[in-house]
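Chemist: Dropping in query01.cif, which is mmCIF, C-alpha atoms:
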```cif
data_protein
#
loop_
_atom_site.label_atom_id
_atom_site.label_comp_id
_atom_site.auth_asym_id
_atom_site.auth_seq_id
_atom_site.Cartn_x
_atom_site.Cartn_y
_atom_site.Cartn_z
CA MET A 340 25.28 -5.60 3.03
CA ARG A 341 22.34 -3.27 2.47
CA ALA A 342 23.71 -2.11 -0.83
CA LEU A 343 24.76 -4.94 -3.16
CA PRO A 344 22.55 -3.45 -5.90
CA LEU A 345 22.49 -4.97 -9.33
CA LEU A 346 22.05 -1.48 -10.70
CA LEU A 347 21.88 1.98 -9.19
CA ALA A 348 20.69 4.83 -11.37
CA ALA A 349 19.63 8.47 -11.51
CA LEU A 350 20.66 9.94 -8.17
CA LEU A 351 18.85 13.24 -8.11
CA VAL A 352 16.21 14.23 -5.57
CA THR A 353 14.52 12.01 -2.99
CA ALA A 354 11.10 12.92 -1.68
CA THR A 355 8.66 11.48 0.80
CA VAL A 356 4.92 11.61 0.38
CA GLY A 357 2.91 12.50 3.40
CA ALA A 358 -0.57 11.49 4.10
CA ALA A 359 -4.74 13.19 5.36
CA VAL A 360 -7.34 11.04 6.59
CA VAL A 361 -10.55 10.79 4.63
CA VAL A 362 -13.07 8.22 5.77
CA PRO A 363 -15.30 5.76 3.91
CA VAL A 364 -18.10 3.58 5.23
CA ASP A 365 -17.53 1.12 8.05
CA SER A 366 -17.99 -2.24 6.40
CA ASP A 367 -16.88 -5.82 6.73
CA THR A 368 -17.96 -7.98 3.81
CA THR A 369 -17.35 -11.46 2.52
CA GLY A 370 -17.31 -12.38 -1.16
CA VAL A 371 -16.53 -10.57 -4.41
CA ALA A 372 -18.12 -7.39 -5.71
CA ALA A 373 -20.30 -7.62 -8.82
CA ALA A 374 -19.19 -6.12 -12.12
CA ASP A 375 -19.82 -2.41 -12.61
CA SER A 376 -23.04 -1.81 -14.51
CA ASP A 377 -23.77 1.88 -13.99
CA THR A 378 -20.70 3.76 -15.20
CA THR A 379 -20.97 7.05 -17.05
CA PRO A 380 -18.80 8.86 -19.56
CA ALA A 381 -16.57 11.78 -18.70
CA ALA A 382 -18.60 14.97 -18.43
CA SER A 383 -18.48 18.34 -16.77
CA ALA A 384 -20.08 18.62 -13.35
CA THR A 385 -22.90 20.61 -14.93
CA ALA A 386 -23.74 18.06 -17.64
CA PRO A 387 -27.53 18.07 -18.20
CA THR A 388 -27.99 14.28 -18.29
CA PRO A 389 -27.90 11.99 -15.23
CA LEU A 390 -26.04 8.69 -15.12
CA GLN A 391 -25.28 7.54 -18.65
CA ALA A 392 -23.47 4.29 -19.38
CA THR A 393 -20.13 3.76 -21.07
CA THR A 394 -18.18 0.64 -21.96
CA SER A 395 -14.69 2.17 -21.94
CA PRO A 396 -12.85 3.23 -18.75
CA LEU A 397 -11.62 6.82 -18.63
CA GLN A 398 -7.99 5.97 -18.03
CA ALA A 399 -6.73 9.22 -19.49
CA THR A 400 -8.66 11.47 -17.07
CA THR A 401 -6.97 12.87 -13.99
CA ALA A 402 -8.86 12.80 -10.71
CA GLY A 403 -10.55 15.95 -9.52
CA ASP A 404 -10.62 19.36 -11.21
CA ARG A 405 -7.09 20.33 -10.22
CA THR A 406 -5.46 19.50 -13.54
CA THR A 407 -6.53 20.04 -17.13
CA GLU A 408 -3.83 18.23 -19.08
CA THR A 409 -5.48 14.85 -19.15
CA ALA A 410 -5.55 13.82 -22.81
CA ASN A 411 -2.25 11.94 -22.68
CA ALA A 412 -2.31 10.86 -19.03
CA THR A 413 -0.86 7.41 -18.28
CA PRO A 414 -2.62 5.01 -15.86
CA ARG A 415 -0.75 4.46 -12.57
CA ASN A 416 -0.74 0.66 -12.47
CA VAL A 417 -0.82 -1.46 -9.35
CA LEU A 418 -0.30 -5.12 -8.51
CA PRO A 419 -3.91 -6.41 -8.55
CA LEU A 420 -5.31 -9.16 -6.38
CA GLY A 421 -7.31 -11.83 -8.16
CA ALA A 422 -10.98 -11.07 -7.51
CA ASN A 423 -11.76 -14.77 -7.04
CA THR A 424 -9.04 -15.09 -4.38
CA ILE A 425 -10.56 -12.61 -1.91
CA ASP A 426 -12.46 -14.27 0.93
CA ARG A 427 -13.04 -11.27 3.16
CA SER A 428 -12.86 -7.47 2.96
CA SER A 429 -13.03 -4.77 5.60
CA LEU A 430 -13.11 -0.98 5.50
CA ARG A 431 -13.17 0.47 9.00
CA ARG A 432 -12.06 3.45 11.01
CA HIS A 433 -9.15 2.86 13.38
CA HIS A 434 -8.35 5.00 16.43
CA VAL A 435 -5.69 5.61 19.02
CA ASP A 436 -5.46 2.64 21.39
CA ILE A 437 -3.24 2.94 24.45
CA GLY A 438 -2.99 -0.82 25.05
CA PRO A 439 -1.48 -1.84 21.70
CA ALA A 440 0.56 1.37 21.59
CA ALA A 441 2.17 0.47 24.91
CA GLY A 442 2.80 -3.02 23.55
CA PHE A 443 4.62 -1.52 20.57
CA GLU A 444 6.93 0.39 22.89
CA THR A 445 7.59 -2.62 25.12
CA ALA A 446 8.49 -4.79 22.13
CA ALA A 447 10.79 -2.06 20.81
CA ALA A 448 12.60 -1.72 24.14
CA THR A 449 13.05 -5.50 24.40
CA ASP A 450 14.46 -5.75 20.88
CA GLN A 451 16.81 -2.83 21.42
CA LEU A 452 18.19 -4.41 24.58
CA ALA A 453 18.76 -7.69 22.74
CA THR A 454 20.54 -5.89 19.89
CA GLY A 455 22.70 -4.00 22.38
CA ALA A 456 23.67 -7.26 24.05
CA ILE A 457 24.65 -8.77 20.71
CA GLU A 458 26.68 -5.71 19.81
CA GLN A 459 28.50 -5.90 23.14
CA ASN A 460 29.12 -9.62 22.67
CA LEU A 461 30.64 -9.03 19.24
CA SER A 462 32.78 -6.06 20.25
CA THR A 463 35.76 -8.14 21.35
CA ASP A 464 38.95 -8.13 19.30
CA THR A 465 38.41 -11.65 18.03
CA VAL A 466 35.06 -13.15 17.17
CA ASP A 467 34.99 -16.74 15.93
CA ASN A 468 32.94 -17.88 12.97
CA ASP A 469 30.71 -20.09 15.08
CA ARG A 470 29.51 -17.14 17.12
CA LEU A 471 28.82 -15.05 14.02
CA ALA A 472 27.04 -17.95 12.32
CA ALA A 473 24.89 -18.51 15.40
CA ASN A 474 23.74 -14.90 15.32
CA VAL A 475 22.92 -15.11 11.62
CA ASP A 476 21.02 -18.36 12.21
CA ALA A 477 19.02 -16.66 14.97
CA ILE A 478 18.00 -13.76 12.70
CA ALA A 479 17.05 -16.19 9.93
CA ALA A 480 14.89 -18.21 12.33
CA THR A 481 13.16 -15.08 13.66
CA THR A 482 12.51 -13.87 10.13
CA GLU A 483 10.85 -17.18 9.27
CA ARG A 484 8.71 -16.99 12.42
CA LEU A 485 7.58 -13.49 11.43
CA ARG A 486 6.56 -14.76 7.98
CA GLN A 487 4.60 -17.57 9.58
CA ARG A 488 2.91 -15.15 11.99
CA GLU A 489 1.89 -12.93 9.10
CA ALA A 490 0.48 -15.86 7.10
CA ALA A 491 -1.42 -17.17 10.14
CA ALA A 492 -2.88 -13.73 10.88
CA ILE A 493 -4.06 -13.25 7.30
CA ASP A 494 -5.54 -16.76 7.13
CA ALA A 495 -7.42 -16.19 10.39
CA PHE A 496 -8.82 -12.89 9.14
CA ALA A 497 -9.87 -14.37 5.79
CA ALA A 498 -11.64 -17.20 7.65
CA GLY A 499 -13.51 -14.73 9.88
CA ASP A 500 -11.59 -15.74 13.01
CA ARG A 501 -9.73 -12.46 13.53
CA GLU A 502 -11.16 -8.94 13.60
CA PRO A 503 -9.73 -6.16 11.40
CA LYS A 504 -8.39 -4.24 14.41
CA ALA A 505 -6.54 -7.29 15.76
CA LEU A 506 -5.13 -8.09 12.33
CA LEU A 507 -3.86 -4.56 11.81
CA GLU A 508 -2.21 -4.50 15.22
CA GLU A 509 -0.50 -7.83 14.51
CA LEU A 510 0.77 -6.63 11.12
CA VAL A 511 2.13 -3.46 12.72
CA VAL A 512 4.02 -5.49 15.34
CA ILE A 513 5.44 -7.76 12.63
CA GLY A 514 6.53 -4.78 10.54
CA GLN A 515 8.20 -2.97 13.41
CA THR A 516 9.95 -6.14 14.55
CA ALA A 517 11.22 -6.69 11.00
CA ASP A 518 12.66 -3.16 10.91
CA ARG A 519 14.49 -3.73 14.18
CA LEU A 520 15.82 -7.06 12.95
CA ARG A 521 17.31 -5.26 9.96
CA GLU A 522 19.13 -2.96 12.41
CA ARG A 523 20.41 -6.02 14.29
CA ALA A 524 21.59 -7.55 11.03
CA ASP A 525 23.53 -4.34 10.34
CA VAL A 526 25.33 -4.71 13.68
CA ILE A 527 26.34 -8.28 12.87
CA ASP A 528 27.31 -7.45 9.31
CA ALA A 529 29.49 -4.57 10.46
CA ARG A 530 31.48 -7.09 12.49
CA ILE A 531 31.66 -9.49 9.56
CA GLU A 532 32.95 -6.73 7.29
CA THR A 533 36.08 -6.40 9.43
CA ALA A 534 37.09 -9.95 8.58
CA SER A 535 38.59 -11.26 5.35
CA ASP A 536 37.66 -14.91 5.85
CA ASP A 537 35.62 -16.25 2.92
CA SER A 538 33.25 -18.14 5.21
CA GLN A 539 32.39 -14.90 6.96
CA ARG A 540 31.71 -13.28 3.59
CA GLU A 541 29.21 -16.04 2.97
CA LEU A 542 27.50 -15.03 6.20
CA SER A 543 27.25 -11.49 4.86
CA ASP A 544 25.55 -12.79 1.72
CA ARG A 545 23.06 -14.65 3.91
CA LEU A 546 22.31 -11.48 5.83
CA THR A 547 21.69 -9.65 2.57
CA ALA A 548 19.11 -12.25 1.52
CA ILE A 549 17.47 -12.03 4.97
CA ASP A 550 17.37 -8.25 4.71
CA TYR A 551 15.26 -8.41 1.55
CA GLU A 552 12.87 -10.85 3.22
CA LEU A 553 12.47 -8.46 6.14
CA ARG A 554 11.72 -5.52 3.85
CA MET A 555 8.58 -7.30 2.66
CA LEU A 556 7.18 -7.40 6.20
CA ASP A 557 6.64 -3.67 6.59
CA GLY A 558 5.13 -0.98 4.38
CA PRO A 559 3.49 2.46 4.21
CA VAL A 560 0.04 1.38 5.41
CA ARG A 561 1.47 -0.42 8.45
CA SER A 562 3.52 2.67 9.30
CA TYR A 563 0.41 4.82 8.98
CA ALA A 564 -1.64 2.43 11.14
CA ALA A 565 1.07 2.46 13.81
CA ALA A 566 0.96 6.27 13.92
CA VAL A 567 -2.85 6.22 14.24
CA ILE A 568 -2.81 3.64 17.04
CA ARG A 569 -0.16 5.65 18.92
CA GLY A 570 -2.22 8.83 18.55
CA GLU A 571 0.40 10.50 16.36
CA ARG A 572 -2.12 10.76 13.49
CA PRO A 573 -5.89 11.39 13.50
CA ALA A 574 -8.22 8.42 13.37
CA GLY A 575 -8.64 7.07 9.87
CA ARG A 576 -9.85 4.11 7.88
CA VAL A 577 -7.87 1.25 6.43
CA SER A 578 -9.10 -1.08 3.70
CA ILE A 579 -8.17 -4.77 4.05
CA GLN A 580 -8.73 -7.50 1.46
CA ALA A 581 -7.51 -11.01 2.10
CA GLY A 582 -7.64 -14.54 0.74
CA ALA A 583 -5.39 -17.53 0.16
CA GLU A 584 -1.84 -16.23 -0.40
CA ASN A 585 -3.17 -12.76 -1.20
CA PHE A 586 -3.83 -9.63 0.80
CA GLU A 587 -3.94 -5.87 0.40
CA LEU A 588 -3.88 -2.87 2.74
CA THR A 589 -4.79 0.66 1.59
CA ALA A 590 -5.26 4.04 3.26
CA ILE A 591 -5.34 7.78 2.54
CA GLU A 592 -3.09 10.09 4.55
CA ASP A 593 -2.13 13.76 4.08
CA GLY A 594 -3.11 13.93 0.43
CA ALA A 595 -1.52 10.60 -0.56
CA TYR A 596 -2.85 7.15 -1.37
CA LEU A 597 -0.97 4.33 0.39
CA ARG A 598 -1.04 0.72 -0.75
CA GLU A 599 0.53 -2.62 0.17
CA ALA A 600 -0.28 -5.62 -2.02
CA TYR A 601 0.96 -9.20 -1.54
CA ARG A 602 0.63 -11.99 -4.13
CA PHE A 603 2.55 -14.93 -2.70
CA ASP A 604 0.96 -17.18 -5.32
CA ASN A 605 3.32 -15.36 -7.72
CA ARG A 606 6.41 -16.48 -5.81
CA ALA A 607 8.52 -19.59 -6.31
CA THR A 608 12.15 -20.51 -5.65
CA GLY A 609 15.12 -21.42 -7.78
CA ALA A 610 15.79 -19.26 -10.81
CA GLN A 611 17.80 -16.05 -10.76
CA ILE A 612 16.61 -12.74 -12.19
CA THR A 613 18.73 -10.13 -13.95
CA ALA A 614 18.51 -6.38 -13.56
CA ALA A 615 17.60 -6.08 -17.25
CA THR A 616 14.62 -8.42 -16.81
CA ALA A 617 13.45 -6.53 -13.74
CA GLU A 618 13.69 -3.26 -15.67
CA GLU A 619 11.54 -4.61 -18.48
CA ILE A 620 8.88 -5.83 -16.08
CA VAL A 621 8.64 -2.56 -14.19
CA ALA A 622 8.66 -0.47 -17.37
CA GLU A 623 5.69 -2.50 -18.63
CA GLN A 624 3.72 -2.78 -15.38
CA TYR A 625 4.39 0.69 -13.92
CA PRO A 626 4.78 2.96 -16.98
CA TRP A 627 4.12 6.21 -15.14
CA PHE A 628 6.59 5.55 -12.33
CA TRP A 629 9.16 4.31 -14.82
CA GLU A 630 8.86 7.40 -17.00
CA GLN A 631 9.15 9.69 -13.95
CA ARG A 632 12.14 7.92 -12.36
CA GLY A 633 14.66 10.37 -13.80
CA SER A 634 13.28 13.17 -11.62
CA GLY A 635 14.16 11.33 -8.40
CA THR A 636 16.15 8.26 -7.39
CA TRP A 637 15.76 4.68 -8.43
CA SER A 638 17.60 1.41 -7.90
CA ILE A 639 17.44 -2.30 -8.64
CA GLY A 640 18.91 -4.80 -6.20
CA GLY A 641 18.44 -8.20 -4.67
CA PRO A 642 20.06 -11.50 -3.72
CA GLY A 643 19.53 -12.98 -7.21
CA SER A 644 16.44 -15.11 -6.64
CA LEU A 645 14.37 -11.94 -6.43
CA SER A 646 14.76 -8.33 -7.47
CA LEU A 647 13.60 -5.22 -5.61
CA VAL A 648 12.95 -2.18 -7.78
CA SER A 649 12.63 1.10 -5.87
CA ILE A 650 11.60 4.46 -7.32
CA GLU A 651 11.35 7.68 -5.28
CA ILE A 652 9.96 10.85 -6.87
CA ASP A 653 8.27 14.00 -5.61
CA GLU A 654 4.83 12.61 -6.47
CA GLY A 655 5.25 9.27 -4.76
CA SER A 656 7.27 6.12 -4.24
CA LEU A 657 7.22 2.53 -5.42
CA ARG A 658 8.87 -0.65 -4.14
CA THR A 659 8.08 -3.84 -5.98
CA PHE A 660 9.57 -7.32 -5.49
CA ILE A 661 9.86 -9.55 -8.56
CA ASP A 662 10.38 -13.31 -8.36
CA GLY A 663 13.18 -14.85 -10.42
CA THR A 664 11.33 -18.06 -11.24
CA THR A 665 7.88 -16.73 -12.17
CA GLU A 666 9.15 -13.29 -13.28
CA GLN A 667 6.03 -11.91 -11.63
CA ARG A 668 5.56 -9.15 -9.08
CA PHE A 669 4.64 -10.59 -5.70
CA VAL A 670 4.95 -7.65 -3.26
CA GLU A 671 4.19 -3.98 -3.89
CA HIS A 672 4.49 -0.96 -1.58
CA GLN A 673 3.27 2.26 -3.13
CA GLN A 674 2.52 5.87 -2.24
CA ILE A 675 1.15 8.41 -4.71
CA THR A 676 -0.22 11.91 -4.26
CA LEU A 677 -3.95 12.18 -4.85
CA ASP A 678 -3.37 14.84 -7.50
CA GLU A 679 -1.77 12.11 -9.64
CA ILE A 680 -4.54 9.53 -9.30
CA VAL A 681 -6.07 8.53 -12.64
CA PRO A 682 -9.68 7.32 -12.30
CA VAL A 683 -10.98 4.27 -14.12
CA THR A 684 -14.59 5.44 -14.28
CA ARG A 685 -16.38 8.77 -13.88
CA THR A 686 -20.03 8.90 -12.81
CA THR A 687 -21.96 12.20 -12.98
CA LYS A 688 -25.45 12.90 -11.60
CA ARG A 689 -27.62 16.02 -11.34
CA GLN A 690 -30.24 16.12 -8.60
CA ASP A 691 -31.98 18.75 -6.45
CA GLY A 692 -29.85 21.59 -7.83
CA LEU A 693 -26.58 19.71 -7.24
CA ALA A 694 -24.17 18.29 -9.82
CA VAL A 695 -22.12 15.42 -8.37
CA THR A 696 -19.11 13.90 -10.11
CA VAL A 697 -17.53 10.72 -8.73
CA ASP A 698 -14.12 9.69 -10.05
CA ARG A 699 -13.24 6.19 -8.90
CA THR A 700 -10.65 3.50 -9.40
CA TYR A 701 -11.18 -0.04 -8.00
CA VAL A 702 -12.08 -1.78 -4.74
CA GLY A 703 -9.72 -0.46 -2.06
CA GLY A 704 -8.57 2.35 -4.34
CA PRO A 705 -9.12 6.12 -3.99
CA LEU A 706 -12.45 7.72 -4.87
CA ASP A 707 -13.03 11.46 -5.36
CA VAL A 708 -16.45 13.11 -4.87
CA ARG A 709 -16.95 16.63 -6.25
CA VAL A 710 -20.09 18.71 -5.74
CA VAL A 711 -21.01 21.94 -7.54
CA ASP A 712 -24.12 24.03 -8.03
CA ALA A 713 -25.89 22.60 -11.09
CA ASP A 714 -26.70 26.09 -12.43
CA THR A 715 -23.57 28.11 -11.63
CA GLY A 716 -20.90 25.43 -11.50
CA GLN A 717 -19.59 26.86 -8.22
CA PRO A 718 -18.28 24.43 -5.57
CA VAL A 719 -20.78 23.47 -2.89
CA ALA A 720 -19.93 22.62 0.71
CA ALA A 721 -21.72 19.35 1.42
CA ASP A 722 -21.47 16.38 3.74
CA VAL A 723 -20.71 13.13 1.92
CA SER A 724 -21.63 9.80 3.48
CA VAL A 725 -21.58 6.18 2.35
CA GLY A 726 -24.22 3.56 3.00
CA GLN A 727 -23.86 -0.15 2.34
CA ASN A 728 -25.56 -3.47 3.14
CA GLY A 729 -28.67 -1.74 4.47
CA GLN A 730 -26.68 -0.15 7.30
CA GLU A 731 -26.81 3.48 8.37
CA SER A 732 -24.69 5.79 6.21
CA VAL A 733 -21.37 6.93 7.64
CA SER A 734 -19.90 10.36 6.89
CA VAL A 735 -16.69 10.31 4.88
CA GLY A 736 -16.06 14.05 5.05
CA THR A 737 -17.19 17.45 3.85
CA THR A 738 -16.42 18.85 0.43
CA GLY A 739 -15.77 22.30 1.88
CA ASP A 740 -14.85 25.35 -0.19
CA GLY A 741 -13.12 23.24 -2.83
CA GLY A 742 -16.19 21.12 -3.42
CA SER A 743 -14.22 17.83 -3.24
CA VAL A 744 -13.53 15.03 -0.78
CA TRP A 745 -11.47 11.83 -1.11
CA THR A 746 -12.22 8.42 0.35
CA LEU A 747 -11.53 4.71 -0.31
CA THR A 748 -13.73 2.48 -2.45
CA PRO A 749 -15.69 -0.22 -0.56
CA GLN A 750 -16.28 -3.68 -1.94
CA GLY A 751 -19.79 -4.28 -3.23
CA THR A 752 -22.60 -1.90 -4.18
CA PHE A 753 -22.76 1.28 -2.10
CA THR A 754 -24.68 4.56 -2.10
CA LEU A 755 -23.18 8.02 -1.75
CA THR A 756 -25.44 10.54 -0.03
CA ILE A 757 -24.59 14.20 -0.60
CA LEU A 758 -26.31 16.71 1.70
CA ALA A 759 -25.65 20.44 1.16
CA GLU A 760 -26.00 23.14 3.80
CA ASP A 761 -29.33 24.28 2.26
CA ASP A 762 -30.68 20.73 2.69
CA SER A 763 -30.54 19.92 -1.02
CA ALA A 764 -29.50 16.31 -1.53
CA ALA A 765 -28.26 13.88 -4.16
CA PHE A 766 -27.84 10.12 -4.11
CA VAL A 767 -25.47 8.08 -6.28
CA GLU A 768 -25.44 4.27 -6.24
CA LEU A 769 -22.24 2.60 -7.46
CA THR A 770 -20.82 -0.89 -7.86
CA PRO A 771 -17.01 -0.81 -8.11
CA GLN A 772 -14.78 -3.23 -9.99
CA ASP A 773 -11.81 -5.16 -8.66
CA ALA A 774 -8.34 -4.04 -9.70
CA ASP A 775 -7.65 -7.09 -11.85
CA SER A 776 -10.67 -6.31 -14.05
CA VAL A 777 -9.73 -2.72 -14.83
CA LEU A 778 -5.93 -2.59 -14.98
#
```
Can I see the file as structure tokens?
Modeler:
Amino acid sequence: MRALPLLLAALLVTATVGAAVVVPVDSDTTGVAAADSDTTPAASATAPTPLQATTSPLQATTAGDRTTETANATPRNVLPLGANTIDRSSLRRHHVDIGPAAGFETAAATDQLATGAIEQNLSTDTVDNDRLAANVDAIAATTERLRQREAAAIDAFAAGDREPKALLEELVVIGQTADRLRERADVIDARIETASDDSQRELSDRLTAIDYELRMLDGPVRSYAAAVIRGERPAGRVSIQAGAENFELTAIEDGAYLREAYRFDNRATGAQITAATAEEIVAEQYPWFWEQRGSGTWSIGGPGSLSLVSIEIDEGSLRTFIDGTTEQRFVEHQQITLDEIVPVTRTTKRQDGLAVTVDRTYVGGPLDVRVVDADTGQPVAADVSVGQNGQESVSVGTTGDGGSVWTLTPQGTFTLTILAEDDSAAFVELTPQDADSVL
């Protein structure tokens, strides 16, 4: 059941991208960020002029000073949220929390016991169709309830009725439950596969469709948040943006950018989608991933009404769901190493003997701050903090020996404060753009 791909290609090397926590400002804002009005052209960190404006994004410039072959770089596209659809944004640090962590374990134990009972019930020599159908119906009903829970949680957050911490915990529970339901579906399908009855084969097809629905309910940011809440990862920040039928989760972990984006306004029902159409869409919307797919594994599959395109390479991974009726992407799960991030805009400023270069992408996206000595060009160890909405600045990390630190981009105007060990300081004010305006 899990297979049924429309196309399977290029079986070479699979890789997983890990993740390091870098922290931006604690913020919780409502509304849409203003357009960027203070961007600067690409320049070396020791450029003599502060903050100059440019009208063209630097899409061919790699982030940081770790690569020099940038002239022909390809933007790493994402599924953007419509800026006018976002009702509320949050960028906050999340920590280990014993209460929710214990709840995760209790839910897991309960689900495992239920799956074991079903497996025992279906282990007899003869299992009638009614019993199998009842189990499939139960999984379908639970899947629908999970979708409704997710929608309700997002709506409550967007309306200001649910805090970011509570939303993240709810999304983690939904994701983990969905994963365990997929395991339960495997148990039932294994029993169906032993039969030759056509009606039971139809049940297998139903399970396949359910499986793809369940895959949308978990992703890399939820997995990261679960590890943080359990204390398996250090505390770190998660960016949340949400509105009607749209939401996004992003994080940075172990040198990788993690993103989940959901555009349910792009989903309809009815028409089928072919593998060829899905290929064309992904090749156009994710050119870098598509060009790199031959170095890893990739596949296209789905129940017909939607297509899931998966690409796994050393530098990252992509899973995108495409609707057959609209032929639009409506769910995206992505991981990409920070070395491969292509900034949209570079801002450079010289102040108090420091040269600061900020490479940034879009709201919720990764942002790289590099600090060097303005005279020598040598990296400077400095504390970088972010201030927003008149609140006290919050440290997002130290540049250290490499002179660079990564964080996530807040929504709305914010100020970076860079304080070196010799008390020299620089201040850079920025207003980021939303993804749909720059991609």
Chemist: Pick the closest to A:Pro419 from A:Trp745, A:Phe586, A:Phe660, A:Trp629: which is it, counting all atoms listed in the file?
Modeler: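 Of A:Trp745, A:Phe586, A:Phe660, A:Trp629, the one nearest A:Pro419, counting all atoms listed in the file, is A:Phe586.
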Chemist: Counting all atoms listed in the file, figure out which residue out of A:Glu592, A:Glu509, A:Asp662, A:Glu532 gets nearest to A:Arg486.
Modeler: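 Selected residue with least distance to A:Arg486: A:Glu509.
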Chemist: So what does the PyMOL selection byres ((chain A and resi 555) around 10) actually pick up in this one, as a list in words?
Modeler: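 When the PyMOL selection byres ((chain A and resi 555) around 10) is applied, the selected residues are Arg486, Gly514, Ala517, Asp550, Tyr551, Glu552, Leu553, Arg554, Leu556, Asp557, Gly558, Glu599, Tyr601, Leu647, Arg658, Thr659, Phe660, Phe669, Val670, Glu671 and His672 of chain A.
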Chemist: With all atoms listed in the file as the counted atoms, please give the residues lying no more than 7 Å from stretch 701-705 of chain A, apart from itself and same-chain residues fewer than 5 positions off, as a list in words.
Modeler: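 Using all atoms listed in the file, the neighbours found are Ser578, Thr589, Tyr596, Trp745, Thr746, Leu747, Thr748, Pro749, Gln750, Pro771, Gln772, Asp773 and Ala774 of chain A.
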Chemist: Could you state the separation of atom CA of A:Arg602 and atom CA of A:Asn585 in Å, given to one decimal place?
Modeler: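 Pair atom CA of A:Arg602 / atom CA of A:Asn585 returns 4.9 Å.
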Chemist: Any chance you could resolve the PyMOL selection byres ((chain A and resi 642) around 12) against this file and give the residues as a ChimeraX atom specification?
Modeler: /A:340-345,543-552,609-614,639-641,643-647,660-663
Chemist: Atom CA of A:Ser763 to atom CA of A:Asp691: how many Å, to one decimal?
Modeler: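 So the two atoms, atom CA of A:Ser763 and atom CA of A:Asp691, lie 5.7 Å apart.
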Chemist: Run the PyMOL selection byres ((chain A and resi 560) around 8) against the file shown and list the residues it catches, as a PyMOL selection string.
Modeler: chain A and resi 558-559+561-564+577+588-590+597-599
Chemist: Just to confirm, what's the straight-line distance from atom CA of A:Asp494 to atom CA of A:Val733 in Å (one decimal)?
Modeler: 28.5 Å
Chemist: Have a look at A:Val710, A:Leu769, A:Leu520, A:Leu471 and name the one nearest to A:Gln727; count only C-alpha atoms.
Modeler: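 Using only C-alpha atoms, A:Gln727 sits closest to A:Leu769.
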Chemist: Considering only C-alpha atoms, return as a list in words whatever protein or nucleic-acid residues lie within 8 Å of A:Ala447, sequence-local ones (same chain, fewer than 2 positions apart) excluded.
Modeler: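 Using only C-alpha atoms, the neighbours found are Phe443, Glu444, Thr445, Thr449, Asp450, Gln451, Gln515, Thr516 and Arg519 of chain A.
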Chemist: Given the choices A:Ser734, A:Asn468, A:Asn460, A:Asn423, which gets closest to A:Thr756 if the distance is worked out from only C-alpha atoms?
Modeler: A:Ser734
Chemist: Would you please work out which residue, of A:Val735, A:Gln539, A:Val681, A:Ala492, is nearest to A:Arg431 when using all atoms listed in the file?
Modeler: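 Checking each of A:Val735, A:Gln539, A:Val681, A:Ala492 against A:Arg431, counting all atoms listed in the file, the winner is A:Val735.
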Chemist: Between A:Thr664, A:Thr696, A:Gln690, A:Gln717, single out the one closest to A:Leu758, counting all atoms listed in the file.
Modeler: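 Answer, going by the shortest atom-to-atom distance: A:Gln690.
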Chemist: What lies within 12 Å of A:Ala622 using all atoms listed in the file, ignoring chain neighbours under 3 positions off, as a list in words?
Modeler: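 The neighbour list is Arg415, Asn416, Ala615, Thr616, Ala617, Glu618, Glu619, Tyr625, Pro626, Trp627, Phe628, Trp629, Glu630, Gln631, Arg632, Val648, Ile650 and Thr659 of chain A.
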Chemist: The centre and edge lengths of an axis-aligned box containing all atoms of stretch 488-504 of chain A present in the file, extended by 5 Å on each side, are to be given in Å to one decimal, as lines of an AutoDock Vina configuration file.
Modeler:
```
center_x = -5.3
center_y = -10.7
center_z = 10.1
size_x = 26.4
size_y = 23.0
size_z = 18.6
```
Chemist: As a JSON list (two decimals) with C-alpha atoms, keeping the file's coordinate frame, please: the residues near stretch 712-716 of chain A (cut-off 7 Å, all atoms listed in the file, same-chain neighbours under 5 positions excluded).
Modeler:
```
[["chain", "number", "residue", "atom", "x", "y", "z"],
["A", 385, "THR", "CA", -22.90, 20.61, -14.93],
["A", 689, "ARG", "CA", -27.62, 16.02, -11.34],
["A", 692, "GLY", "CA", -29.85, 21.59, -7.83],
["A", 693, "LEU", "CA", -26.58, 19.71, -7.24],
["A", 694, "ALA", "CA", -24.17, 18.29, -9.82]]
```
